[in-house]
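File shown here: work_28.csv, holding CSV, C-alpha atoms and all ligand atoms.
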chain,number,residue,atom,x,y,z
F,122,MET,CA,98.8,156.9,125.3
F,123,THR,CA,100.4,158.8,122.4
F,124,ILE,CA,99.4,158.6,118.8
F,125,SER,CA,102.6,156.6,118.0
F,126,HIS,CA,101.7,154.1,120.8
F,127,ILE,CA,98.3,153.5,119.3
F,128,PHE,CA,99.9,153.0,115.9
F,129,ILE,CA,102.4,150.5,117.2
F,130,ALA,CA,99.6,148.6,119.1
F,131,ARG,CA,97.5,148.4,115.9
F,132,PHE,CA,100.4,147.4,113.7
F,133,THR,CA,101.3,144.6,116.1
F,134,SER,CA,97.8,143.1,116.4
F,135,THR,CA,97.4,143.3,112.5
F,136,ASN,CA,100.8,141.7,112.1
F,137,CYS,CA,99.9,139.0,114.6
F,138,PHE,CA,96.7,138.2,112.8
F,139,VAL,CA,98.6,137.9,109.4
F,140,LEU,CA,101.1,135.6,111.0
F,141,ILE,CA,98.4,133.4,112.5
F,142,LEU,CA,96.6,133.3,109.1
F,143,ALA,CA,99.9,132.4,107.3
F,144,PHE,CA,100.6,129.7,109.9
F,145,MET,CA,97.2,128.1,109.6
F,146,THR,CA,97.5,128.1,105.8
F,147,MET,CA,100.8,126.4,106.1
F,148,MET,CA,99.4,123.8,108.5
F,149,VAL,CA,96.5,123.0,106.1
F,150,LEU,CA,98.9,122.7,103.1
F,151,ALA,CA,101.3,120.6,105.2
F,152,SER,CA,98.6,118.2,106.3
F,153,ARG,CA,97.3,118.0,102.7
F,154,THR,CA,100.8,117.1,101.4
F,155,ALA,CA,101.4,114.6,104.2
F,156,THR,CA,98.2,112.7,103.7
F,157,ALA,CA,97.9,112.9,99.9
F,158,LEU,CA,99.8,109.7,99.2
F,159,GLU,CA,102.1,107.9,101.7
F,160,ILE,CA,102.9,104.6,103.3
F,161,PHE,CA,100.6,104.0,106.2
F,162,SER,CA,102.1,100.7,107.4
F,163,GLY,CA,104.3,97.8,106.3
F,164,HIS,CA,107.3,98.1,104.0
F,165,ALA,CA,108.1,97.3,100.4
F,166,THR,CA,110.0,94.0,100.5
F,167,GLN,CA,109.8,90.6,98.9
F,168,GLY,CA,106.7,88.9,100.4
F,169,GLY,CA,105.7,92.2,102.1
F,170,MET,CA,102.3,94.0,102.3
F,171,VAL,CA,102.1,97.7,102.2
F,172,ILE,CA,99.1,99.8,103.3
F,173,ILE,CA,99.0,103.2,101.5
F,174,LYS,CA,97.0,106.2,102.7
F,175,THR,CA,95.5,108.6,100.3
F,176,ASP,CA,92.6,111.0,99.8
F,177,PRO,CA,89.4,108.8,100.0
F,178,LEU,CA,88.2,110.4,96.8
F,179,ALA,CA,91.5,109.7,94.9
F,180,HIS,CA,91.6,107.3,92.1
F,181,LEU,CA,94.6,105.0,92.6
F,182,THR,CA,96.5,103.1,89.9
F,183,ILE,CA,99.4,100.7,90.2
F,184,ASP,CA,101.4,100.4,87.1
F,185,GLY,CA,98.3,101.5,85.2
F,186,GLN,CA,95.8,99.2,86.9
F,187,THR,CA,93.1,100.5,89.2
F,188,LEU,CA,93.7,99.9,92.9
F,189,ALA,CA,90.7,99.9,95.2
F,190,VAL,CA,90.6,102.7,97.9
F,191,ALA,CA,88.7,102.0,101.2
F,192,LYS,CA,86.3,104.6,102.6
F,193,ASN,CA,89.0,105.7,105.0
F,194,GLY,CA,91.5,106.3,102.2
F,195,LEU,CA,93.6,103.2,102.8
F,196,ALA,CA,94.6,100.8,100.0
F,197,VAL,CA,96.8,97.7,100.0
F,198,ILE,CA,99.4,96.2,97.7
F,199,GLY,CA,101.7,93.2,98.1
F,200,PHE,CA,105.0,92.0,96.7
F,201,HIS,CA,105.8,88.5,95.5
F,202,ARG,CA,108.9,86.5,96.7
F,203,ASP,CA,110.8,87.3,93.5
F,204,ASP,CA,109.7,90.9,92.9
F,205,ILE,CA,112.5,93.3,92.4
F,206,ALA,CA,111.0,95.9,90.0
F,207,PRO,CA,109.8,99.3,91.5
F,208,VAL,CA,106.1,99.9,91.2
F,209,ASP,CA,104.5,103.3,90.7
F,210,VAL,CA,101.4,104.1,92.7
F,211,VAL,CA,99.6,107.1,91.1
F,212,ALA,CA,96.9,109.0,92.9
F,213,GLN,CA,94.6,111.2,90.8
F,214,TYR,CA,92.6,113.7,92.9
F,215,PRO,CA,89.2,115.1,92.1
F,216,ASP,CA,90.8,118.6,91.6
F,217,GLY,CA,93.0,117.3,88.8
F,218,ARG,CA,96.2,117.2,90.8
F,219,HIS,CA,98.1,113.9,91.1
F,220,ASP,CA,100.9,112.3,93.1
F,221,THR,CA,103.2,109.4,92.5
F,222,LEU,CA,104.7,107.0,95.1
F,223,THR,CA,107.4,104.7,93.9
F,224,LEU,CA,107.8,101.5,96.0
F,225,THR,CA,110.9,99.4,95.4
F,226,PRO,CA,110.8,95.9,97.1
F,227,THR,CA,114.0,95.2,99.0
F,228,PRO,CA,115.4,91.7,98.2
F,229,ARG,CA,115.6,89.0,100.9
F,230,GLU,CA,117.7,85.8,101.3
F,231,PHE,CA,115.7,82.6,101.2
F,232,GLU,CA,116.7,79.2,102.7
F,233,GLU,CA,116.9,75.8,101.1
F,234,GLN,CA,114.7,73.1,102.6
F,235,ARG,CA,115.1,69.4,101.9
F,236,ILE,CA,112.3,67.0,102.6
F,237,ASP,CA,113.0,63.3,102.0
F,238,GLY,CA,110.9,60.2,102.5
F,239,LEU,CA,107.7,61.6,100.9
F,240,PRO,CA,105.6,59.0,99.1
F,241,GLN,CA,106.8,59.2,95.5
F,242,ASN,CA,103.2,59.6,94.1
F,243,MET,CA,103.0,62.9,96.0
F,244,VAL,CA,106.2,64.2,94.6
F,245,THR,CA,105.5,63.1,91.0
F,246,PRO,CA,101.8,62.5,90.8
F,247,PRO,CA,100.5,59.6,88.6
F,248,GLN,CA,98.8,60.6,85.3
F,249,ASP,CA,95.3,59.8,86.6
F,250,VAL,CA,95.4,62.4,89.3
F,251,LEU,CA,96.8,65.2,87.1
F,252,ASP,CA,93.3,66.2,86.1
F,253,ARG,CA,92.2,66.4,89.7
F,254,ILE,CA,95.2,68.6,90.5
F,255,ALA,CA,94.4,70.9,87.6
F,256,ARG,CA,90.8,71.3,88.9
F,257,ASP,CA,92.1,71.9,92.4
F,258,ARG,CA,94.4,74.7,91.2
F,259,GLU,CA,91.6,76.3,89.2
F,260,GLU,CA,89.3,76.3,92.2
F,261,VAL,CA,92.0,77.9,94.4
F,262,SER,CA,92.9,80.6,91.9
F,263,GLN,CA,89.2,81.5,91.5
F,264,ALA,CA,88.8,81.9,95.3
F,265,ARG,CA,92.0,84.1,95.4
F,266,ALA,CA,90.8,86.3,92.5
F,267,ILE,CA,87.7,87.5,94.4
F,268,THR,CA,87.7,91.3,94.8
F,269,SER,CA,85.6,92.6,97.7
F,270,ASP,CA,85.5,95.7,99.8
F,271,LEU,CA,85.9,93.8,103.1
F,272,ASN,CA,88.4,95.6,105.5
F,273,GLY,CA,89.9,92.6,107.4
F,274,TRP,CA,93.3,93.4,105.8
F,275,GLN,CA,93.4,96.7,107.8
F,276,GLN,CA,93.6,94.8,111.1
F,277,ASP,CA,96.8,93.6,112.9
F,278,PHE,CA,96.9,89.9,111.9
F,279,ILE,CA,97.1,87.3,114.7
F,280,TRP,CA,98.6,83.8,114.4
F,281,PRO,CA,95.8,81.3,113.5
F,282,SER,CA,97.5,78.6,115.7
F,283,HIS,CA,100.4,78.6,118.1
F,284,GLY,CA,103.3,76.2,117.8
F,285,ILE,CA,106.8,75.6,116.6
F,286,ILE,CA,107.5,77.0,113.1
F,287,THR,CA,108.9,74.2,111.0
F,288,GLY,CA,108.7,75.8,107.6
F,289,ILE,CA,109.1,79.4,106.5
F,290,TYR,CA,108.1,81.5,103.5
F,291,GLY,CA,110.2,81.6,100.4
F,292,SER,CA,112.4,78.6,101.1
F,293,ARG,CA,113.5,76.6,98.0
F,294,ARG,CA,112.2,73.1,98.3
F,295,ILE,CA,113.9,69.9,97.4
F,296,LEU,CA,111.5,67.0,97.7
F,297,ASN,CA,113.0,63.5,97.6
F,298,GLY,CA,116.0,65.1,96.0
F,299,GLN,CA,114.0,66.9,93.2
F,300,PRO,CA,113.9,70.7,93.1
F,301,ARG,CA,110.3,72.0,93.4
F,302,ALA,CA,108.5,75.4,93.7
F,303,PRO,CA,109.4,77.5,96.7
F,304,HIS,CA,107.4,77.1,99.9
F,305,TYR,CA,104.9,80.0,100.1
F,306,GLY,CA,103.4,79.3,103.5
F,307,ILE,CA,104.5,79.2,107.1
F,308,ASP,CA,104.3,75.8,108.7
F,309,ILE,CA,103.2,75.7,112.4
F,310,ALA,CA,103.6,72.3,114.1
F,311,ALA,CA,100.7,71.6,116.4
F,312,ALA,CA,98.7,68.5,117.5
F,313,ILE,CA,95.9,67.2,115.4
F,314,GLY,CA,92.7,69.0,116.6
F,315,THR,CA,94.4,72.2,117.6
F,316,PRO,CA,92.0,75.1,116.8
F,317,VAL,CA,92.7,77.2,113.8
F,318,LYS,CA,91.5,80.8,114.2
F,319,ALA,CA,90.7,83.5,111.7
F,320,PRO,CA,93.8,85.7,111.7
F,321,ALA,CA,91.6,88.7,110.7
F,322,ASP,CA,88.0,89.4,109.8
F,323,GLY,CA,86.8,87.9,106.5
F,324,VAL,CA,84.4,85.7,104.5
F,325,ILE,CA,85.0,82.1,103.7
F,326,THR,CA,85.4,81.7,99.9
F,327,MET,CA,86.5,78.0,99.6
F,328,VAL,CA,86.3,74.8,101.6
F,329,ASP,CA,87.4,71.6,99.9
F,330,ASP,CA,89.5,68.5,100.2
F,331,LEU,CA,92.4,68.8,97.7
F,332,TYR,CA,95.0,66.3,96.4
F,333,PHE,CA,98.1,68.1,97.6
F,334,THR,CA,96.8,70.3,100.4
F,335,GLY,CA,94.1,68.1,102.0
F,336,ILE,CA,91.2,69.9,103.7
F,337,THR,CA,91.8,73.5,102.6
F,338,ILE,CA,90.0,76.7,103.6
F,339,ILE,CA,90.4,80.0,101.8
F,340,MET,CA,89.2,83.2,103.5
F,341,ASP,CA,88.8,86.6,101.8
F,342,HIS,CA,90.0,89.6,103.9
F,343,GLY,CA,89.1,92.1,101.2
F,344,HIS,CA,90.9,94.1,98.5
F,345,GLY,CA,92.6,90.9,97.1
F,346,ILE,CA,94.1,89.8,100.4
F,347,SER,CA,93.2,86.2,101.3
F,348,SER,CA,94.4,83.6,103.8
F,349,THR,CA,94.7,79.9,102.9
F,350,PHE,CA,94.8,77.1,105.5
F,351,LEU,CA,96.1,73.7,104.4
F,352,HIS,CA,96.2,70.1,105.7
F,353,LEU,CA,93.3,70.6,108.1
F,354,ASP,CA,91.8,67.7,110.0
F,355,LYS,CA,88.4,69.5,110.0
F,356,ALA,CA,86.7,72.6,108.7
F,357,ASN,CA,84.1,74.1,111.0
F,358,ILE,CA,82.7,76.6,108.6
F,359,SER,CA,81.2,76.8,105.1
F,360,VAL,CA,81.5,79.0,102.0
F,361,GLY,CA,79.8,82.4,102.4
F,362,MET,CA,80.2,82.6,106.2
F,363,ALA,CA,81.5,85.8,107.6
F,364,VAL,CA,84.0,85.3,110.5
F,365,LYS,CA,85.6,87.7,113.0
F,366,GLN,CA,89.3,87.7,113.9
F,367,GLY,CA,89.8,84.9,116.5
F,368,ASP,CA,86.8,82.8,115.5
F,369,ILE,CA,87.6,79.1,115.2
F,370,ILE,CA,87.3,78.0,111.6
F,371,GLY,CA,88.9,74.5,111.7
F,372,GLU,CA,91.3,72.1,113.3
F,373,VAL,CA,95.0,71.3,112.6
F,374,GLY,CA,95.5,68.0,110.7
F,375,SER,CA,97.8,66.2,108.4
F,376,THR,CA,95.7,65.7,105.3
F,377,GLY,CA,97.1,65.9,101.7
F,378,ARG,CA,100.9,66.0,101.1
F,379,SER,CA,102.0,66.3,104.7
F,380,THR,CA,104.6,64.7,106.8
F,381,GLY,CA,103.0,65.3,110.2
F,382,ALA,CA,100.4,67.4,112.0
F,383,HIS,CA,100.9,71.0,111.2
F,384,LEU,CA,99.1,74.1,109.9
F,385,ASP,CA,100.4,75.6,106.6
F,386,TRP,CA,99.1,79.2,106.5
F,387,ARG,CA,99.4,81.3,103.4
F,388,ILE,CA,98.5,84.9,102.4
F,389,ASN,CA,97.9,86.2,99.0
F,390,TRP,CA,97.4,89.6,97.4
F,391,PHE,CA,95.6,88.2,94.3
F,392,THR,CA,98.2,86.0,92.7
F,393,LYS,CA,101.1,87.4,94.6
F,394,ARG,CA,102.3,85.3,97.6
F,395,LEU,CA,102.9,87.3,100.8
F,396,ASP,CA,104.9,86.2,103.9
F,397,PRO,CA,102.4,85.6,106.8
F,398,ALA,CA,105.3,86.1,109.3
F,399,LEU,CA,105.7,89.7,108.2
F,400,LEU,CA,102.0,90.4,109.1
F,401,ALA,CA,101.6,88.4,112.3
F,402,GLY,CA,104.9,89.3,113.9
F,403,SER,CA,106.7,87.0,116.3
F,404,MET,CA,105.0,83.8,117.5
F,405,PRO,CA,103.6,84.3,121.1
F,406,ASN,CA,105.0,81.8,123.7
F,407,SER,CA,102.3,79.3,124.6
F,501,ZN,ZN,103.9,74.0,104.3

Represent the structure of the file as structure tokens.
Amino acid sequence: MTISHIFIARFTSTNCFVLILAFMTMMVLASRTATALEIFSGHATQGGMVIIKTDPLAHLTIDGQTLAVAKNGLAVIGFHRDDIAPVDVVAQYPDGRHDTLTLTPTPREFEEQRIDGLPQNMVTPPQDVLDRIARDREEVSQARAITSDLNGWQQDFIWPSHGIITGIYGSRRILNGQPRAPHYGIDIAAAIGTPVKAPADGVITMVDDLYFTGITIIMDHGHGISSTFLHLDKANISVGMAVKQGDIIGEVGSTGRSTGAHLDWRINWFTKRLDPALLAGSMPNS
């Protein structure tokens, strides 16, 4: 081997080392950039839930308000039926850097649903039940305002009951000819007594018999995501109980303002109403 051969061999191995080092640095930087603040699942649409992935040590804010980050770096936000404004999610990292992710909910078309033949006292309640309705609303909003670090919202939601879908999220409702608030749940027609299962892990935060919604269960899935089950025949659980996805929590009924046996399932992110069908996917055949 000549001197020049040794020189070339040395040059090449040094070069190679530098290249590997540069490549590894790029990979580290690329993975940092990719996981700093991004959509992990879901998409920004009216009634949609978006899971964001960030640095577990990041401090997240959404339009200036703190957004809880789970230990694995995931966080959740939801969009109401009528949301159109973009929201800025800002991640502030311990090293002082920050990133912004702008989410703009895509608009959807909603149907009109007419329901006639309801007892008139359910459409326009008499004065003497208005106090009770106000108390019911307060109890429901308190349950939905609970903030916990449960992680049920990270699971793939399952349908709590199987059956024909007779009412969908977002439809404008006309009850006995009078326009009313949109429907925020998904109605699943099923026989009285059909089991209602927990769509994801959670803790029961409310069980009560309410004027409009009959026997009602609210379940906290963590980080502001809750499920509400209406018109039940029976509740098989009590407040404070922790339940696993698939556990039976009650039975389908027709209590409250209801025209037949069905389960009305709702999902909230705090006060925002989400579309359960976007979370649970298509109804399995059975
Ligand atoms: Zn309904």

* Using only C-alpha atoms, pick whichever of F:Ile307, F:Ala157, F:Ala264, F:Ile295 has the shortest atom-to-atom distance to Met327 of chain F. => F:Ala264

* Structure fact -> Pairwise distance, atom CA of His383 of chain F with atom CA of Ile267 of chain F, equals 27.0 Å

* Surrounding residues of Asn389 of chain F excluding itself and chain neighbours under 6 positions, 7 Å, only C-alpha atoms, as a ChimeraX atom specification -> /F:346-348,395

* How would you write as a list of chain:residue names the residues that get within 8 Å of (112.6, 77.7, 96.8) in the file's frame, counting all atoms listed in the file? ->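 Applying the cut-off with all atoms listed in the file, one gets F:Phe231, F:Glu232, F:Glu233, F:Gln234, F:Gly291, F:Ser292, F:Arg293, F:Arg294, F:Ile295, F:Arg301, F:Ala302, F:Pro303, F:His304.
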
Output the selection as a JSON list (two decimals), in the frame of the given file - C-alpha atoms for each residue.
[["chain", "number", "residue", "atom", "x", "y", "z"],
["F", 231, "PHE", "CA", 115.70, 82.60, 101.20],
["F", 232, "GLU", "CA", 116.70, 79.20, 102.70],
["F", 233, "GLU", "CA", 116.90, 75.80, 101.10],
["F", 234, "GLN", "CA", 114.70, 73.10, 102.60],
["F", 291, "GLY", "CA", 110.20, 81.60, 100.40],
["F", 292, "SER", "CA", 112.40, 78.60, 101.10],
["F", 293, "ARG", "CA", 113.50, 76.60, 98.00],
["F", 294, "ARG", "CA", 112.20, 73.10, 98.30],
["F", 295, "ILE", "CA", 113.90, 69.90, 97.40],
["F", 301, "ARG", "CA", 110.30, 72.00, 93.40],
["F", 302, "ALA", "CA", 108.50, 75.40, 93.70],
["F", 303, "PRO", "CA", 109.40, 77.50, 96.70],
["F", 304, "HIS", "CA", 107.40, 77.10, 99.90]]

* To do: Go through the chains and note each residue within 12 Å of ligand ZN 501 (chain F), using all atoms listed in the file, then give the set as a ChimeraX atom specification.
  => /F:234,236,286-294,302-310,333-335,349-353,375-387,397

Now that the selection is made, can you save its residues with C-alpha atoms as an mmCIF file, in the frame of the given file?
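What ended up in out_26.cif:
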data_model
loop_
_atom_site.group_PDB
_atom_site.id
_atom_site.type_symbol
_atom_site.label_atom_id
_atom_site.label_comp_id
_atom_site.auth_asym_id
_atom_site.auth_seq_id
_atom_site.Cartn_x
_atom_site.Cartn_y
_atom_site.Cartn_z
ATOM 1 C CA GLN F 234 114.700 73.100 102.600
ATOM 2 C CA ILE F 236 112.300 67.000 102.600
ATOM 3 C CA ILE F 286 107.500 77.000 113.100
ATOM 4 C CA THR F 287 108.900 74.200 111.000
ATOM 5 C CA GLY F 288 108.700 75.800 107.600
ATOM 6 C CA ILE F 289 109.100 79.400 106.500
ATOM 7 C CA TYR F 290 108.100 81.500 103.500
ATOM 8 C CA GLY F 291 110.200 81.600 100.400
ATOM 9 C CA SER F 292 112.400 78.600 101.100
ATOM 10 C CA ARG F 293 113.500 76.600 98.000
ATOM 11 C CA ARG F 294 112.200 73.100 98.300
ATOM 12 C CA ALA F 302 108.500 75.400 93.700
ATOM 13 C CA PRO F 303 109.400 77.500 96.700
ATOM 14 C CA HIS F 304 107.400 77.100 99.900
ATOM 15 C CA TYR F 305 104.900 80.000 100.100
ATOM 16 C CA GLY F 306 103.400 79.300 103.500
ATOM 17 C CA ILE F 307 104.500 79.200 107.100
ATOM 18 C CA ASP F 308 104.300 75.800 108.700
ATOM 19 C CA ILE F 309 103.200 75.700 112.400
ATOM 20 C CA ALA F 310 103.600 72.300 114.100
ATOM 21 C CA PHE F 333 98.100 68.100 97.600
ATOM 22 C CA THR F 334 96.800 70.300 100.400
ATOM 23 C CA GLY F 335 94.100 68.100 102.000
ATOM 24 C CA THR F 349 94.700 79.900 102.900
ATOM 25 C CA PHE F 350 94.800 77.100 105.500
ATOM 26 C CA LEU F 351 96.100 73.700 104.400
ATOM 27 C CA HIS F 352 96.200 70.100 105.700
ATOM 28 C CA LEU F 353 93.300 70.600 108.100
ATOM 29 C CA SER F 375 97.800 66.200 108.400
ATOM 30 C CA THR F 376 95.700 65.700 105.300
ATOM 31 C CA GLY F 377 97.100 65.900 101.700
ATOM 32 C CA ARG F 378 100.900 66.000 101.100
ATOM 33 C CA SER F 379 102.000 66.300 104.700
ATOM 34 C CA THR F 380 104.600 64.700 106.800
ATOM 35 C CA GLY F 381 103.000 65.300 110.200
ATOM 36 C CA ALA F 382 100.400 67.400 112.000
ATOM 37 C CA HIS F 383 100.900 71.000 111.200
ATOM 38 C CA LEU F 384 99.100 74.100 109.900
ATOM 39 C CA ASP F 385 100.400 75.600 106.600
ATOM 40 C CA TRP F 386 99.100 79.200 106.500
ATOM 41 C CA ARG F 387 99.400 81.300 103.400
ATOM 42 C CA PRO F 397 102.400 85.600 106.800
#

* Asked: In terms of the shortest atom-to-atom distance over all atoms listed in the file, which of F:His344, F:Arg253, F:Thr337, F:Pro246 is closest to Thr187 of chain F?
  ->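 Ranked by minimum distance to Thr187 of chain F, first place goes to F:His344.
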
* Residue nearest Asp237 of chain F among F:Asn297, F:Thr326, F:Arg218, F:Lys192 (counting all atoms listed in the file) ->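 Counting all atoms listed in the file, the residue closest to Asp237 of chain F is F:Asn297.
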
* To do: Using all atoms listed in the file, pick whichever of F:Gln299, F:Thr227, F:Gln213, F:Gln366 has the shortest atom-to-atom distance to Leu239 of chain F.
  => F:Gln299

* atom CA of Pro240 of chain F to atom CA of Val261 of chain F: how many Å, to one decimal? -> 23.8 Å

* Asked: From the list F:Leu158, F:Val210, F:Ala196, F:Ile336, which residue is nearest Ile172 of chain F when using only C-alpha atoms?
  -> F:Ala196

* To do: Go ahead and compute the interatomic distance for atom CA of Gly273 of chain F and atom CA of Arg258 of chain F, in Å to one decimal.
  => 24.6 Å

* Asked: So which one's closest to Leu331 of chain F, F:Ile370, F:Ala319, F:Ile205, F:Ile254? Using all atoms listed in the file, please.
  ->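 Between F:Ile370, F:Ala319, F:Ile205, F:Ile254, the residue approaching Leu331 of chain F most closely is F:Ile254.
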
* Asked: Do you know which residues lie at most 12 Å from (106.6, 88.4, 110.6), with coordinates as in the file and all atoms listed in the file counted, and could you write them as number ranges by chain?
  -> F: 163-164, 168-170, 277-280, 286, 289-290, 306-307, 395-405

* To do: Skip Lys393 of chain F itself and residues of its chain fewer than 6 positions away, then list as a list in words all residues within 9 Å of it, counting only C-alpha atoms.
  =>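 Result of the neighbour search: Gly168, Gly199, Phe200, His201 and Arg202 of chain F.
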